[in-house]
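Following: one structure in structure tokens, then a few remarks.
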Amino acid sequence: MARYDFSTRRLFVDAPLTAGARVGLNRDQSNYLSNVLRLEAGAGLLVFNGRDGEWRARLALAGKRDIALELETRERPQTAACDLRLLFAPLKHARLDYMIQKAVEMGAGKLSPVLTRRTQVHKLNLDRVRANAIEAAEQCGILTLPDIDEPAPLDRVLMDLPEERLLVFCDEDAPVADPLIALGRAIREDRVPSISVLIGPEGGFDPAERDMLLALPGALPISLGPRILRADTAAVAALAVVQAALGDWRGSMGDAPPQHG
């Protein structure tokens, strides 16, 4: 399998991508490519829009200050996002930025902010969340951007979850055991289920919320070990465990470059 081209800059564009098309860039993108990276006309890029795969393109002048992209060939076809949903209590800016970026890198196909009784941040800048998701996708060869939900109360989100969907939630009160074994017992070997991973707020779940979670037919509480993890760290750890047990690390799910090296 050919090694993925990590040396060429990648750029997300919100426009249809077809051979021979000319795609205009917004002012921020033009400034970044021409004044920050100092790329000149003719420089090569890889571009994607989350719908039409990844394309090789060349920079072209579109005016005195603006540049455009001229599309050449499609390098990779579009792939579907992982059926992996991250439910998370919003965090403060820097830690939330980190969580979003790492969740996208780990293959989350949907990001759902949930408001719990101990959630400390109730307002969320969804444009900032999307910008972080785009940045992670650009840097890591990801083709599909995750869907991003509006914040909603935890009980409402849980009420809307299909019963057949596996809900993995990180439970600080769960017995310390091997989460890979627990996940293996929750599925059949011949079928990878739809999965949601739930990360609670910094203060943990309220007892009533924990009881509500444990009562769900598709809920699987797991421990992430004997140490207390920050919420952003717990999200990365939980997604890594899920991918190791069920996901695209076994070739079952995924939206990843052919080879990371």
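Quick note on naming: the chains in the structure tokens go A, B, ... in the order shown, residues restart at 1 in each chain, and ligands are numbered from 1 in order of appearance.
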
Q: Might you pull out every residue within 9 Å of Ala103 in chain A, with only C-alpha atoms counted and same-chain residues fewer than 3 positions away left off, and present them as number ranges by chain?
A: A: 86, 98-100, 106-109, 111, 133, 136, 235-236, 239

(Q) I need the residues in range 33-225 of chain A that are helix (DSSP H, G or I) according to DSSP; give them as a ChimeraX atom specification. (A) /A:33-36,93-105,126-139,154-160,179-186,207-214

Could the residues in this selection be saved with N, CA and C atoms as a short mmCIF file (atom, residue, chain, number, x, y, z; two decimals), in the first residue's frame?
```cif
data_model
loop_
_atom_site.label_atom_id
_atom_site.label_comp_id
_atom_site.auth_asym_id
_atom_site.auth_seq_id
_atom_site.Cartn_x
_atom_site.Cartn_y
_atom_site.Cartn_z
N LEU A 33 -1.99 31.13 2.81
CA LEU A 33 -1.16 30.44 1.82
C LEU A 33 -0.10 31.35 1.22
N SER A 34 -0.48 32.60 0.93
CA SER A 34 0.46 33.47 0.23
C SER A 34 1.39 34.24 1.15
N ASN A 35 0.88 34.70 2.31
CA ASN A 35 1.70 35.54 3.19
C ASN A 35 2.32 34.79 4.37
N VAL A 36 1.64 33.77 4.88
CA VAL A 36 2.20 33.00 6.00
C VAL A 36 3.10 31.89 5.48
N HIS A 93 -12.04 26.77 27.12
CA HIS A 93 -11.53 26.90 25.76
C HIS A 93 -10.37 25.98 25.39
N ALA A 94 -9.23 26.11 26.04
CA ALA A 94 -8.03 25.39 25.61
C ALA A 94 -8.23 23.89 25.70
N ARG A 95 -8.86 23.43 26.76
CA ARG A 95 -9.05 22.00 26.94
C ARG A 95 -10.11 21.46 25.99
N LEU A 96 -11.12 22.27 25.69
CA LEU A 96 -12.12 21.85 24.71
C LEU A 96 -11.51 21.78 23.32
N ASP A 97 -10.68 22.76 22.98
CA ASP A 97 -9.99 22.73 21.68
C ASP A 97 -9.21 21.42 21.53
N TYR A 98 -8.48 21.06 22.57
CA TYR A 98 -7.67 19.83 22.55
C TYR A 98 -8.58 18.62 22.37
N MET A 99 -9.67 18.56 23.13
CA MET A 99 -10.58 17.41 23.04
C MET A 99 -11.15 17.25 21.64
N ILE A 100 -11.59 18.36 21.04
CA ILE A 100 -12.19 18.29 19.71
C ILE A 100 -11.16 17.81 18.69
N GLN A 101 -9.98 18.38 18.73
CA GLN A 101 -8.94 17.99 17.77
C GLN A 101 -8.61 16.51 17.89
N LYS A 102 -8.44 16.03 19.11
CA LYS A 102 -8.07 14.63 19.31
C LYS A 102 -9.22 13.69 18.98
N ALA A 103 -10.45 14.10 19.25
CA ALA A 103 -11.60 13.27 18.90
C ALA A 103 -11.67 13.07 17.39
N VAL A 104 -11.43 14.13 16.64
CA VAL A 104 -11.43 14.02 15.17
C VAL A 104 -10.29 13.11 14.72
N GLU A 105 -9.12 13.29 15.30
CA GLU A 105 -7.99 12.43 14.95
C GLU A 105 -8.29 10.96 15.24
N LEU A 126 -19.87 27.08 18.58
CA LEU A 126 -19.84 25.98 17.62
C LEU A 126 -18.94 26.29 16.42
N ASP A 127 -18.79 27.57 16.07
CA ASP A 127 -17.86 27.93 14.99
C ASP A 127 -16.43 27.57 15.39
N ARG A 128 -16.10 27.79 16.65
CA ARG A 128 -14.75 27.43 17.13
C ARG A 128 -14.57 25.91 17.14
N VAL A 129 -15.62 25.19 17.55
CA VAL A 129 -15.56 23.73 17.53
C VAL A 129 -15.31 23.24 16.11
N ARG A 130 -16.03 23.80 15.15
CA ARG A 130 -15.86 23.39 13.76
C ARG A 130 -14.47 23.74 13.24
N ALA A 131 -13.97 24.90 13.61
CA ALA A 131 -12.62 25.30 13.18
C ALA A 131 -11.58 24.32 13.69
N ASN A 132 -11.72 23.88 14.93
CA ASN A 132 -10.78 22.91 15.48
C ASN A 132 -10.90 21.56 14.78
N ALA A 133 -12.13 21.17 14.44
CA ALA A 133 -12.33 19.92 13.72
C ALA A 133 -11.68 19.98 12.34
N ILE A 134 -11.84 21.12 11.65
CA ILE A 134 -11.24 21.29 10.33
C ILE A 134 -9.71 21.24 10.43
N GLU A 135 -9.16 21.93 11.41
CA GLU A 135 -7.71 21.94 11.56
C GLU A 135 -7.15 20.54 11.77
N ALA A 136 -7.83 19.75 12.62
CA ALA A 136 -7.36 18.39 12.87
C ALA A 136 -7.47 17.54 11.60
N ALA A 137 -8.57 17.70 10.87
CA ALA A 137 -8.75 16.93 9.64
C ALA A 137 -7.69 17.31 8.60
N GLU A 138 -7.39 18.60 8.48
CA GLU A 138 -6.38 19.05 7.52
C GLU A 138 -5.02 18.44 7.85
N GLN A 139 -4.67 18.41 9.11
CA GLN A 139 -3.33 17.98 9.50
C GLN A 139 -3.15 16.47 9.48
N LEU A 154 -28.37 16.15 29.02
CA LEU A 154 -27.99 14.74 28.95
C LEU A 154 -29.21 13.83 28.85
N ASP A 155 -30.22 14.08 29.67
CA ASP A 155 -31.37 13.17 29.66
C ASP A 155 -32.08 13.17 28.31
N ARG A 156 -32.15 14.34 27.66
CA ARG A 156 -32.78 14.40 26.34
C ARG A 156 -31.98 13.63 25.30
N VAL A 157 -30.65 13.77 25.35
CA VAL A 157 -29.79 13.06 24.39
C VAL A 157 -29.92 11.55 24.59
N LEU A 158 -29.91 11.11 25.84
CA LEU A 158 -30.02 9.67 26.11
C LEU A 158 -31.37 9.13 25.67
N MET A 159 -32.41 9.94 25.81
CA MET A 159 -33.75 9.51 25.41
C MET A 159 -33.81 9.25 23.91
N ASP A 160 -33.02 9.99 23.14
CA ASP A 160 -33.05 9.86 21.69
C ASP A 160 -32.11 8.79 21.15
N PRO A 179 -10.82 -2.74 30.18
CA PRO A 179 -11.94 -2.28 29.35
C PRO A 179 -12.03 -2.99 28.01
N LEU A 180 -10.92 -3.52 27.51
CA LEU A 180 -10.95 -4.25 26.25
C LEU A 180 -11.76 -5.54 26.39
N ILE A 181 -11.62 -6.19 27.54
CA ILE A 181 -12.39 -7.40 27.78
C ILE A 181 -13.88 -7.05 27.89
N ALA A 182 -14.18 -5.97 28.60
CA ALA A 182 -15.57 -5.56 28.76
C ALA A 182 -16.20 -5.24 27.41
N LEU A 183 -15.47 -4.55 26.55
CA LEU A 183 -15.99 -4.23 25.23
C LEU A 183 -16.16 -5.49 24.38
N GLY A 184 -15.21 -6.41 24.50
CA GLY A 184 -15.31 -7.65 23.74
C GLY A 184 -16.54 -8.45 24.10
N ARG A 185 -16.93 -8.41 25.36
CA ARG A 185 -18.12 -9.14 25.80
C ARG A 185 -19.41 -8.46 25.34
N ALA A 186 -19.33 -7.19 25.03
CA ALA A 186 -20.54 -6.43 24.70
C ALA A 186 -20.94 -6.56 23.23
N PRO A 207 -25.07 11.34 41.10
CA PRO A 207 -25.57 9.98 41.37
C PRO A 207 -26.84 9.63 40.60
N ALA A 208 -27.76 10.58 40.47
CA ALA A 208 -28.99 10.31 39.73
C ALA A 208 -28.70 10.08 38.24
N GLU A 209 -27.74 10.82 37.69
CA GLU A 209 -27.37 10.63 36.29
C GLU A 209 -26.72 9.26 36.09
N ARG A 210 -25.88 8.88 37.03
CA ARG A 210 -25.23 7.57 36.93
C ARG A 210 -26.27 6.45 36.98
N ASP A 211 -27.25 6.56 37.86
CA ASP A 211 -28.31 5.56 37.92
C ASP A 211 -29.08 5.50 36.61
N MET A 212 -29.33 6.68 36.02
CA MET A 212 -30.04 6.74 34.74
C MET A 212 -29.23 6.03 33.65
N LEU A 213 -27.93 6.25 33.65
CA LEU A 213 -27.07 5.62 32.66
C LEU A 213 -27.04 4.11 32.83
N LEU A 214 -26.89 3.66 34.06
CA LEU A 214 -26.81 2.23 34.32
C LEU A 214 -28.10 1.51 33.97
#
```

Q | Atomic distance CA of Leu69 in chain A - CA of Leu37 in chain A, expressed in Å with one decimal | A |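 These atoms are spaced 15.4 Å apart.
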
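Going from CA of Ala89 in chain A over to CA of Gly200 in chain A, you cover 5.6 Å.
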
Q) What is the distance between CA of Ala41 in chain A and CA of Ile142 in chain A, in Å to one decimal? A)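 Those two atoms sit 25.5 Å apart.
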
Q: Once DSSP has gone over the backbone, tell me which residues of range 86-231 of chain A are in strand (DSSP E), as an NGL selection string.
A: :A and (86-88 or 110-115 or 147-148 or 152-153 or 166-170 or 195-199 or 219-222)

Export of prior selection with C-alpha atoms as a PDB file, in the first residue's frame:
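Dumped to result15.pdb:
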```pdb
ATOM      1  CA  LEU A  86     -18.561  11.386  21.194  1.00  0.00           C
ATOM      2  CA  LEU A  87     -20.899  12.766  23.843  1.00  0.00           C
ATOM      3  CA  PHE A  88     -19.067  15.204  26.087  1.00  0.00           C
ATOM      4  CA  LYS A 110     -20.242  13.006  15.389  1.00  0.00           C
ATOM      5  CA  LEU A 111     -19.622  15.419  18.273  1.00  0.00           C
ATOM      6  CA  SER A 112     -22.468  15.980  20.733  1.00  0.00           C
ATOM      7  CA  PRO A 113     -22.099  18.424  23.643  1.00  0.00           C
ATOM      8  CA  VAL A 114     -24.266  17.333  26.586  1.00  0.00           C
ATOM      9  CA  LEU A 115     -25.224  19.414  29.587  1.00  0.00           C
ATOM     10  CA  ASP A 147     -21.329  16.342  12.398  1.00  0.00           C
ATOM     11  CA  ILE A 148     -21.573  18.775  15.319  1.00  0.00           C
ATOM     12  CA  ALA A 152     -28.517  19.556  24.775  1.00  0.00           C
ATOM     13  CA  PRO A 153     -29.379  18.203  28.246  1.00  0.00           C
ATOM     14  CA  LEU A 166     -23.822   0.739  22.389  1.00  0.00           C
ATOM     15  CA  LEU A 167     -23.228   3.544  24.899  1.00  0.00           C
ATOM     16  CA  VAL A 168     -19.769   3.342  26.427  1.00  0.00           C
ATOM     17  CA  PHE A 169     -19.509   5.678  29.371  1.00  0.00           C
ATOM     18  CA  CYS A 170     -16.476   6.309  31.512  1.00  0.00           C
ATOM     19  CA  ILE A 195     -21.039   3.227  19.281  1.00  0.00           C
ATOM     20  CA  SER A 196     -21.403   6.321  21.424  1.00  0.00           C
ATOM     21  CA  VAL A 197     -18.742   7.273  23.958  1.00  0.00           C
ATOM     22  CA  LEU A 198     -19.836   9.479  26.847  1.00  0.00           C
ATOM     23  CA  ILE A 199     -17.401  11.625  28.834  1.00  0.00           C
ATOM     24  CA  ALA A 219     -25.033   1.110  28.414  1.00  0.00           C
ATOM     25  CA  LEU A 220     -21.565  -0.224  29.153  1.00  0.00           C
ATOM     26  CA  PRO A 221     -19.718   1.414  32.073  1.00  0.00           C
ATOM     27  CA  ILE A 222     -15.938   1.096  31.833  1.00  0.00           C
TER      28      ILE A 222
END
```

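When only C-alpha atoms are used to measure the gap to Ile187 in chain A, the shortest distance among A:Ala245, A:Ala43, A:Ala81, A:Leu124 belongs to A:Ala245.
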